$ cat final.csv   # CSV, C-alpha atoms
chain,number,residue,atom,x,y,z
G,12,GLY,CA,16.5,-0.7,1.6
G,13,ALA,CA,16.1,-4.2,3.0
G,14,VAL,CA,13.3,-6.4,1.7
G,15,VAL,CA,11.5,-9.0,3.7
G,16,SER,CA,8.9,-11.3,2.3
G,17,GLN,CA,6.3,-13.5,3.9
G,18,HIS,CA,4.3,-16.4,2.5
G,19,PRO,CA,1.4,-16.9,2.5
G,20,SER,CA,0.0,-13.4,2.9
G,21,TRP,CA,-3.2,-14.9,4.3
G,22,VAL,CA,-4.5,-18.3,5.2
G,23,ILE,CA,-7.7,-19.8,6.4
G,24,CYS,CA,-7.6,-23.2,8.1
G,25,LYS,CA,-9.8,-25.5,10.1
G,26,SER,CA,-9.3,-25.8,13.8
G,27,GLY,CA,-6.8,-28.5,14.7
G,28,THR,CA,-4.7,-28.2,11.6
G,29,SER,CA,-1.1,-26.8,11.4
G,30,VAL,CA,-0.1,-23.8,9.4
G,31,LYS,CA,3.5,-22.9,8.2
G,32,ILE,CA,4.5,-19.3,7.6
G,33,GLU,CA,7.7,-18.5,5.8
G,34,CYS,CA,9.8,-15.4,6.2
G,35,ARG,CA,12.6,-14.5,3.8
G,36,SER,CA,15.1,-11.8,3.7
G,37,LEU,CA,15.6,-11.0,0.0
G,38,ASP,CA,18.8,-8.9,-0.1
G,39,PHE,CA,20.8,-9.6,3.0
G,40,GLN,CA,21.7,-12.3,5.4
G,41,ALA,CA,20.6,-12.1,9.0
G,42,THR,CA,21.5,-14.3,12.0
G,43,THR,CA,18.6,-13.0,14.0
G,44,MET,CA,15.0,-12.5,13.2
G,45,PHE,CA,11.8,-12.0,15.2
G,46,TRP,CA,8.3,-13.2,15.0
G,47,TYR,CA,5.5,-10.9,16.2
G,48,ARG,CA,1.7,-11.3,16.6
G,49,GLN,CA,-0.7,-8.5,16.2
G,50,PHE,CA,-4.3,-8.6,17.2
G,51,PRO,CA,-6.8,-6.1,15.7
G,52,LYS,CA,-6.1,-2.5,16.8
G,53,GLN,CA,-3.3,-3.6,19.0
G,54,SER,CA,0.5,-3.2,19.0
G,55,LEU,CA,3.0,-5.7,17.9
G,56,MET,CA,3.7,-8.4,20.5
G,57,LEU,CA,7.0,-10.2,20.3
G,58,MET,CA,6.6,-13.9,20.3
G,59,ALA,CA,10.1,-15.2,19.8
G,60,THR,CA,13.6,-14.4,18.7
G,61,SER,CA,15.0,-16.8,16.2
G,62,ASN,CA,18.8,-17.3,15.7
G,63,GLU,CA,20.1,-19.1,12.7
G,64,GLY,CA,21.4,-22.5,13.6
G,65,SER,CA,20.1,-22.6,17.2
G,66,LYS,CA,16.9,-22.8,19.1
G,67,ALA,CA,14.5,-19.9,19.2
G,68,THR,CA,14.0,-17.9,22.4
G,69,TYR,CA,10.3,-17.6,23.3
G,70,GLU,CA,8.7,-14.7,25.2
G,71,GLN,CA,6.9,-15.5,28.4
G,72,GLY,CA,3.5,-16.9,27.8
G,73,VAL,CA,4.2,-18.1,24.3
G,74,GLU,CA,4.1,-21.9,24.0
G,75,LYS,CA,7.2,-23.2,22.1
G,76,ASP,CA,5.5,-26.5,21.3
G,77,LYS,CA,2.6,-24.7,19.7
G,78,PHE,CA,4.6,-22.1,17.7
G,79,LEU,CA,7.5,-24.0,16.2
G,80,ILE,CA,10.2,-21.8,14.7
G,81,ASN,CA,12.9,-23.0,12.4
G,82,HIS,CA,15.7,-20.7,11.3
G,83,ALA,CA,17.5,-23.0,8.9
G,84,SER,CA,19.4,-20.5,6.9
G,85,LEU,CA,20.4,-16.8,7.0
G,86,THR,CA,17.6,-15.9,4.7
G,87,LEU,CA,14.7,-18.1,5.8
G,88,SER,CA,12.8,-18.6,9.0
G,89,THR,CA,9.5,-20.5,9.4
G,90,LEU,CA,6.8,-20.3,12.0
G,91,THR,CA,4.5,-23.3,12.3
G,92,VAL,CA,1.3,-22.9,14.2
G,93,THR,CA,0.5,-26.4,15.3
G,94,SER,CA,-3.0,-27.6,16.1
G,95,ALA,CA,-4.4,-24.1,15.4
G,96,HIS,CA,-7.5,-22.9,17.3
G,97,PRO,CA,-9.7,-19.9,16.6
G,98,GLU,CA,-7.9,-17.9,19.3
G,99,ASP,CA,-4.7,-18.2,17.2
G,100,SER,CA,-6.3,-16.1,14.5
G,101,SER,CA,-4.1,-13.1,14.2
G,102,PHE,CA,-1.7,-11.1,12.0
G,103,TYR,CA,1.7,-12.7,12.2
G,104,ILE,CA,4.7,-10.5,11.2
G,105,CYS,CA,8.4,-11.4,11.0
G,106,SER,CA,11.3,-9.0,11.0
G,107,TYR,CA,15.0,-9.1,10.5
G,108,ASN,CA,17.7,-7.1,12.2
G,109,ARG,CA,20.1,-5.5,9.9
G,110,LEU,CA,23.1,-3.4,10.8
G,111,ALA,CA,22.6,0.1,9.3
G,112,GLU,CA,25.4,2.6,10.0
G,113,THR,CA,26.3,1.8,13.6
G,114,GLN,CA,22.9,0.6,14.8
G,115,GLU,CA,20.8,-2.4,14.1
G,116,THR,CA,17.5,-1.6,12.4
G,117,GLN,CA,14.5,-3.9,12.1
G,118,TYR,CA,12.8,-4.5,8.8
G,119,PHE,CA,9.4,-6.0,8.8
G,120,GLY,CA,7.7,-8.4,6.5
G,121,PRO,CA,4.3,-7.7,5.0
G,122,GLY,CA,2.6,-10.0,7.5
G,123,THR,CA,0.4,-13.1,7.3
G,124,ARG,CA,-3.2,-13.0,8.3
G,125,LEU,CA,-4.3,-16.3,9.8
G,126,LEU,CA,-8.0,-17.1,10.3
G,127,VAL,CA,-8.8,-20.4,12.1
G,128,LEU,CA,-12.3,-21.6,11.7
F,15,GLY,CA,9.8,-3.5,33.3
F,16,GLU,CA,10.6,-1.5,30.2
F,17,ASN,CA,7.7,0.4,28.8
F,18,VAL,CA,6.8,2.8,26.0
F,19,GLU,CA,3.8,5.1,26.3
F,20,GLN,CA,2.3,6.6,23.1
F,21,HIS,CA,-0.3,9.4,22.8
F,22,PRO,CA,-2.8,10.0,21.5
F,23,SER,CA,-4.3,6.7,20.5
F,24,THR,CA,-6.4,8.4,17.8
F,25,LEU,CA,-5.7,11.6,16.0
F,26,SER,CA,-7.8,13.4,13.4
F,27,VAL,CA,-6.3,16.4,11.5
F,28,GLN,CA,-7.5,18.4,8.6
F,29,GLU,CA,-5.6,17.8,5.4
F,30,GLY,CA,-2.7,20.3,5.2
F,31,ASP,CA,-2.4,20.7,9.0
F,32,SER,CA,0.3,19.2,11.1
F,33,ALA,CA,0.1,16.1,13.3
F,34,VAL,CA,2.2,15.3,16.4
F,35,ILE,CA,2.5,12.0,18.1
F,36,LYS,CA,4.3,11.7,21.4
F,37,CYS,CA,6.0,8.8,23.2
F,38,THR,CA,7.8,8.4,26.5
F,39,TYR,CA,10.0,5.5,27.5
F,40,SER,CA,11.2,4.2,30.8
F,41,ASP,CA,14.5,2.5,30.1
F,42,SER,CA,17.3,5.1,30.3
F,43,ALA,CA,19.6,2.8,28.4
F,44,SER,CA,17.5,3.1,25.3
F,45,ASN,CA,19.5,4.6,22.5
F,46,TYR,CA,17.6,4.0,19.3
F,47,PHE,CA,14.0,5.2,18.5
F,48,PRO,CA,12.4,4.2,15.3
F,49,TRP,CA,8.9,5.2,14.0
F,50,TYR,CA,6.8,2.8,11.9
F,51,LYS,CA,3.8,3.4,9.7
F,52,GLN,CA,1.4,0.5,9.3
F,53,GLU,CA,-1.3,0.7,6.7
F,54,LEU,CA,-4.3,-1.6,6.9
F,55,GLY,CA,-3.4,-5.2,6.3
F,56,LYS,CA,0.3,-4.6,5.9
F,57,GLY,CA,3.4,-4.9,8.0
F,58,PRO,CA,5.0,-1.9,9.7
F,59,GLN,CA,7.3,0.2,7.6
F,60,LEU,CA,10.2,2.2,9.0
F,61,ILE,CA,9.6,5.9,8.2
F,62,ILE,CA,12.2,7.6,10.3
F,63,ASP,CA,14.4,6.9,13.2
F,64,ILE,CA,16.7,8.8,15.6
F,65,ARG,CA,19.7,7.9,17.6
F,66,SER,CA,20.4,9.0,21.2
F,67,ASN,CA,23.2,11.3,20.2
F,68,VAL,CA,20.9,13.5,18.0
F,69,GLY,CA,18.1,15.8,19.2
F,70,GLU,CA,16.2,16.2,16.0
F,71,LYS,CA,16.0,14.6,12.5
F,72,LYS,CA,14.0,15.7,9.5
F,73,ASP,CA,13.1,13.9,6.3
F,74,GLN,CA,10.9,16.0,4.0
F,75,ARG,CA,7.5,16.4,5.8
F,76,ILE,CA,8.4,14.1,8.7
F,77,ALA,CA,10.5,15.1,11.7
F,78,VAL,CA,11.4,13.4,15.0
F,79,THR,CA,12.6,15.1,18.1
F,80,LEU,CA,14.2,13.4,21.1
F,81,ASN,CA,14.6,14.7,24.7
F,82,LYS,CA,16.8,12.1,26.5
F,83,THR,CA,16.6,13.9,29.8
F,84,ALA,CA,12.8,13.8,29.9
F,85,LYS,CA,12.7,10.4,28.0
F,86,HIS,CA,10.4,11.9,25.4
F,87,PHE,CA,10.4,11.6,21.6
F,88,SER,CA,7.9,12.9,19.1
F,89,LEU,CA,6.9,12.4,15.5
F,90,HIS,CA,5.9,15.5,13.6
F,91,ILE,CA,4.1,15.3,10.2
F,92,THR,CA,3.6,18.6,8.4
F,93,GLU,CA,1.3,19.4,5.5
F,94,THR,CA,-0.6,16.2,6.0
F,95,GLN,CA,-2.0,14.4,3.0
F,96,PRO,CA,-4.6,11.7,2.7
F,97,GLU,CA,-2.0,9.0,2.2
F,98,ASP,CA,-0.7,9.8,5.7
F,99,SER,CA,-3.7,8.1,7.2
F,100,ALA,CA,-2.4,5.0,8.9
F,101,VAL,CA,-1.4,3.6,12.3
F,102,TYR,CA,1.9,4.9,13.6
F,103,PHE,CA,4.0,3.1,16.2
F,104,CYS,CA,6.9,4.5,18.1
F,105,ALA,CA,9.5,2.2,19.5
F,106,ALA,CA,12.6,2.2,21.8
F,107,THR,CA,15.4,-0.3,22.1
F,108,GLY,CA,15.5,-1.2,25.7
F,109,SER,CA,18.3,-3.6,26.6
F,110,ASP,CA,18.3,-6.2,23.9
F,111,LYS,CA,14.7,-5.8,22.8
F,112,ILE,CA,12.6,-3.3,20.9
F,113,ILE,CA,9.6,-2.1,22.8
F,114,PHE,CA,6.7,-0.7,20.8
F,115,GLY,CA,4.1,1.9,21.8
F,116,LYS,CA,0.4,0.9,21.4
F,117,GLY,CA,0.0,2.9,18.2
F,118,THR,CA,-1.7,6.0,17.1
F,119,ARG,CA,-4.4,5.8,14.4
F,120,LEU,CA,-4.1,9.0,12.3
F,121,HIS,CA,-7.0,10.1,10.2
F,122,ILE,CA,-6.5,12.9,7.6
F,123,LEU,CA,-9.8,14.7,7.1
F,124,PRO,CA,-10.6,16.1,3.6
$ encode --input "final.csv" --output "structure tokens"
Amino acid sequence: GAVVSQHPSWVICKSGTSVKIECRSLDFQATTMFWYRQFPKQSLMLMATSNEGSKATYEQGVEKDKFLINHASLTLSTLTVTSAHPEDSSFYICSYNRLAETQETQYFGPGTRLLVL
Amino acid sequence: GENVEQHPSTLSVQEGDSAVIKCTYSDSASNYFPWYKQELGKGPQLIIDIRSNVGEKKDQRIAVTLNKTAKHFSLHITETQPEDSAVYFCAATGSDKIIFGKGTRLHILP
């Protein structure tokens, strides 16, 4: 099956700093991928849809200047949390869409746990 | 807007018994229904899915049923084992997005 990796798996940073999270698809190329945020004991909340070579589409309520997404290649997308604050502490998960049979299927990365002090 | 309701939020079953998690969706255009298992501190993993042209699908101890008329779909786990303890999410593709249920925390009791 598809393999998606994320780096780092966890990060602790001081308030006001920026953190970059990488998401890679390891065995296929994808034009579209997604970034989710998950707070403790809650469901995945879509933050943005990233298209290779074009600007990301952000969900309502997600600040595009705070959560910078770069999808520079078909196998790599990055999410940068700028000027992080404690309320940004969360579990960030990326996923890629891959066409399986006649339907696109989402494959998730292992997630990155961010703790902002 | 599009919505996916998932029940129960927490489920405890004795090891060896069956577990059933139910979801309903609102978008009649939904045609793909995956189920994900998320273990503590890890990303969700696809465990089974079902397309709208199928009423039931089984993979070893896991089965999913779909009732498109009632907009219901369910996950069935038989002969539960300790490693089945996790959070399970249902999802439905509504329009161009995937909508997740809120999750069910499954506890397998020894």
$ residues_around --input "final.csv" --residues "Cys24 (chain G)" --least-positions-apart "4" --cutoff "7 Å" --atoms "all atoms listed in the file" --output "list of chain:residue names"
G:Thr28, G:Leu126, G:Val127, G:Leu128
$ atom_distance --input "final.csv" --atom1 "CA of Pro19 (chain G)" --atom2 "CA of Leu79 (chain G)"
16.6 Å
$ interface_residues --input "final.csv" --of "chain G" --to "chain F" --cutoff "9 Å" --atoms "only C-alpha atoms" --output "JSON list (two decimals) with C-alpha atoms, in the coordinates of the input"
[["chain", "number", "residue", "atom", "x", "y", "z"],
["G", 52, "LYS", "CA", -6.10, -2.50, 16.80],
["G", 53, "GLN", "CA", -3.30, -3.60, 19.00],
["G", 54, "SER", "CA", 0.50, -3.20, 19.00],
["G", 55, "LEU", "CA", 3.00, -5.70, 17.90],
["G", 56, "MET", "CA", 3.70, -8.40, 20.50],
["G", 57, "LEU", "CA", 7.00, -10.20, 20.30],
["G", 102, "PHE", "CA", -1.70, -11.10, 12.00],
["G", 104, "ILE", "CA", 4.70, -10.50, 11.20],
["G", 105, "CYS", "CA", 8.40, -11.40, 11.00],
["G", 114, "GLN", "CA", 22.90, 0.60, 14.80],
["G", 115, "GLU", "CA", 20.80, -2.40, 14.10],
["G", 116, "THR", "CA", 17.50, -1.60, 12.40],
["G", 117, "GLN", "CA", 14.50, -3.90, 12.10],
["G", 118, "TYR", "CA", 12.80, -4.50, 8.80],
["G", 119, "PHE", "CA", 9.40, -6.00, 8.80],
["G", 120, "GLY", "CA", 7.70, -8.40, 6.50],
["G", 121, "PRO", "CA", 4.30, -7.70, 5.00],
["G", 122, "GLY", "CA", 2.60, -10.00, 7.50],
["G", 123, "THR", "CA", 0.40, -13.10, 7.30],
["G", 124, "ARG", "CA", -3.20, -13.00, 8.30]]
$ atom_distance --input "final.csv" --atom1 "CA of Ala77 (chain F)" --atom2 "CA of Leu89 (chain F)"
5.9 Å
$ closest_residue --input "final.csv" --among "G:Lys77, G:Asn62, G:Gln17, G:Phe45" --to "His96 (chain G)" --atoms "only C-alpha atoms"
G:Lys77
$ closest_residue --input "final.csv" --among "G:Arg48, G:His18, G:Gln71, G:Thr60" --to "Lys31 (chain G)" --atoms "all atoms listed in the file"
G:His18
$ decode --input "final.csv" --residues "region 94-110 of chain F" --atoms "all heavy atoms" --output "mmCIF file, in the first residue's frame"
data_model
loop_
_atom_site.group_PDB
_atom_site.id
_atom_site.type_symbol
_atom_site.label_atom_id
_atom_site.label_comp_id
_atom_site.auth_asym_id
_atom_site.auth_seq_id
_atom_site.Cartn_x
_atom_site.Cartn_y
_atom_site.Cartn_z
ATOM 1 N N THR F 94 -13.175 -10.005 18.801
ATOM 2 C CA THR F 94 -12.275 -8.901 19.125
ATOM 3 C C THR F 94 -11.073 -9.359 19.939
ATOM 4 O O THR F 94 -11.150 -10.289 20.755
ATOM 5 C CB THR F 94 -13.022 -7.797 19.898
ATOM 6 O OG1 THR F 94 -13.678 -8.384 21.027
ATOM 7 C CG2 THR F 94 -14.030 -7.104 19.007
ATOM 8 N N GLN F 95 -9.955 -8.660 19.695
ATOM 9 C CA GLN F 95 -8.692 -8.964 20.347
ATOM 10 C C GLN F 95 -8.138 -7.691 20.990
ATOM 11 O O GLN F 95 -8.539 -6.584 20.605
ATOM 12 C CB GLN F 95 -7.715 -9.525 19.311
ATOM 13 C CG GLN F 95 -8.216 -10.803 18.645
ATOM 14 C CD GLN F 95 -7.355 -11.238 17.479
ATOM 15 O OE1 GLN F 95 -6.327 -10.632 17.169
ATOM 16 N NE2 GLN F 95 -7.779 -12.308 16.825
ATOM 17 N N PRO F 96 -7.239 -7.817 21.944
ATOM 18 C CA PRO F 96 -6.701 -6.624 22.614
ATOM 19 C C PRO F 96 -6.146 -5.577 21.645
ATOM 20 O O PRO F 96 -6.306 -4.375 21.873
ATOM 21 C CB PRO F 96 -5.599 -7.201 23.509
ATOM 22 C CG PRO F 96 -6.059 -8.588 23.807
ATOM 23 C CD PRO F 96 -6.740 -9.063 22.560
ATOM 24 N N GLU F 97 -5.537 -6.034 20.561
ATOM 25 C CA GLU F 97 -4.950 -5.086 19.616
ATOM 26 C C GLU F 97 -5.995 -4.317 18.808
ATOM 27 O O GLU F 97 -5.661 -3.400 18.047
ATOM 28 C CB GLU F 97 -3.977 -5.794 18.669
ATOM 29 C CG GLU F 97 -4.563 -6.985 17.942
ATOM 30 C CD GLU F 97 -4.275 -8.298 18.651
ATOM 31 O OE1 GLU F 97 -4.230 -8.309 19.909
ATOM 32 O OE2 GLU F 97 -4.117 -9.308 17.946
ATOM 33 N N ASP F 98 -7.268 -4.677 18.983
ATOM 34 C CA ASP F 98 -8.329 -3.907 18.325
ATOM 35 C C ASP F 98 -8.640 -2.626 19.094
ATOM 36 O O ASP F 98 -9.361 -1.758 18.586
ATOM 37 C CB ASP F 98 -9.607 -4.743 18.204
ATOM 38 C CG ASP F 98 -9.445 -5.946 17.297
ATOM 39 O OD1 ASP F 98 -8.622 -5.867 16.347
ATOM 40 O OD2 ASP F 98 -10.118 -6.966 17.530
ATOM 41 N N SER F 99 -8.137 -2.498 20.308
ATOM 42 C CA SER F 99 -8.367 -1.273 21.094
ATOM 43 C C SER F 99 -7.730 -0.088 20.376
ATOM 44 O O SER F 99 -6.534 -0.079 20.089
ATOM 45 C CB SER F 99 -7.750 -1.421 22.493
ATOM 46 O OG SER F 99 -8.419 -2.398 23.243
ATOM 47 N N ALA F 100 -8.549 0.904 20.068
ATOM 48 C CA ALA F 100 -8.093 2.080 19.313
ATOM 49 C C ALA F 100 -9.284 3.013 19.136
ATOM 50 O O ALA F 100 -10.381 2.733 19.625
ATOM 51 C CB ALA F 100 -7.539 1.681 17.945
ATOM 52 N N VAL F 101 -9.043 4.096 18.422
ATOM 53 C CA VAL F 101 -10.150 4.975 18.020
ATOM 54 C C VAL F 101 -10.452 4.703 16.555
ATOM 55 O O VAL F 101 -9.532 4.631 15.732
ATOM 56 C CB VAL F 101 -9.795 6.462 18.221
ATOM 57 C CG1 VAL F 101 -10.950 7.347 17.746
ATOM 58 C CG2 VAL F 101 -9.501 6.740 19.696
ATOM 59 N N TYR F 102 -11.708 4.536 16.251
ATOM 60 C CA TYR F 102 -12.130 4.243 14.885
ATOM 61 C C TYR F 102 -12.931 5.427 14.336
ATOM 62 O O TYR F 102 -13.824 5.951 15.004
ATOM 63 C CB TYR F 102 -12.981 2.971 14.851
ATOM 64 C CG TYR F 102 -12.179 1.728 15.175
ATOM 65 C CD1 TYR F 102 -11.890 1.384 16.494
ATOM 66 C CD2 TYR F 102 -11.677 0.915 14.151
ATOM 67 C CE1 TYR F 102 -11.134 0.270 16.804
ATOM 68 C CE2 TYR F 102 -10.922 -0.216 14.456
ATOM 69 C CZ TYR F 102 -10.659 -0.525 15.780
ATOM 70 O OH TYR F 102 -9.901 -1.630 16.076
ATOM 71 N N PHE F 103 -12.592 5.827 13.122
ATOM 72 C CA PHE F 103 -13.294 6.934 12.460
ATOM 73 C C PHE F 103 -13.963 6.425 11.196
ATOM 74 O O PHE F 103 -13.335 5.750 10.381
ATOM 75 C CB PHE F 103 -12.317 8.043 12.062
ATOM 76 C CG PHE F 103 -11.715 8.786 13.220
ATOM 77 C CD1 PHE F 103 -10.458 8.450 13.695
ATOM 78 C CD2 PHE F 103 -12.401 9.820 13.822
ATOM 79 C CE1 PHE F 103 -9.894 9.140 14.760
ATOM 80 C CE2 PHE F 103 -11.840 10.518 14.887
ATOM 81 C CZ PHE F 103 -10.586 10.161 15.355
ATOM 82 N N CYS F 104 -15.215 6.778 11.027
ATOM 83 C CA CYS F 104 -15.852 6.553 9.744
ATOM 84 C C CYS F 104 -15.722 7.847 8.943
ATOM 85 O O CYS F 104 -15.431 8.904 9.490
ATOM 86 C CB CYS F 104 -17.319 6.181 9.904
ATOM 87 S SG CYS F 104 -18.362 7.484 10.627
ATOM 88 N N ALA F 105 -15.925 7.726 7.654
ATOM 89 C CA ALA F 105 -15.850 8.915 6.799
ATOM 90 C C ALA F 105 -16.711 8.692 5.575
ATOM 91 O O ALA F 105 -17.009 7.562 5.194
ATOM 92 C CB ALA F 105 -14.399 9.204 6.400
ATOM 93 N N ALA F 106 -17.092 9.797 4.969
ATOM 94 C CA ALA F 106 -17.875 9.748 3.733
ATOM 95 C C ALA F 106 -17.377 10.843 2.824
ATOM 96 O O ALA F 106 -17.046 11.946 3.274
ATOM 97 C CB ALA F 106 -19.363 9.939 4.026
ATOM 98 N N THR F 107 -17.257 10.520 1.552
ATOM 99 C CA THR F 107 -16.870 11.557 0.607
ATOM 100 C C THR F 107 -18.133 12.299 0.218
ATOM 101 O O THR F 107 -19.031 11.742 -0.401
ATOM 102 C CB THR F 107 -16.199 10.965 -0.641
ATOM 103 O OG1 THR F 107 -17.052 9.958 -1.196
ATOM 104 C CG2 THR F 107 -14.867 10.358 -0.298
ATOM 105 N N GLY F 108 -18.177 13.580 0.602
ATOM 106 C CA GLY F 108 -19.291 14.440 0.245
ATOM 107 C C GLY F 108 -18.790 15.506 -0.713
ATOM 108 O O GLY F 108 -17.910 16.272 -0.373
ATOM 109 N N SER F 109 -19.321 15.541 -1.879
ATOM 110 C CA SER F 109 -18.847 16.466 -2.920
ATOM 111 C C SER F 109 -17.363 16.224 -3.156
ATOM 112 O O SER F 109 -16.983 15.140 -3.520
ATOM 113 C CB SER F 109 -19.123 17.907 -2.529
ATOM 114 O OG SER F 109 -20.496 18.121 -2.334
ATOM 115 N N ASP F 110 -16.523 17.209 -2.875
ATOM 116 C CA ASP F 110 -15.099 17.048 -3.138
ATOM 117 C C ASP F 110 -14.289 16.902 -1.866
ATOM 118 O O ASP F 110 -13.073 16.996 -1.895
ATOM 119 C CB ASP F 110 -14.581 18.246 -3.932
ATOM 120 C CG ASP F 110 -14.820 19.559 -3.199
ATOM 121 O OD1 ASP F 110 -15.594 19.557 -2.221
ATOM 122 O OD2 ASP F 110 -14.234 20.574 -3.590
#
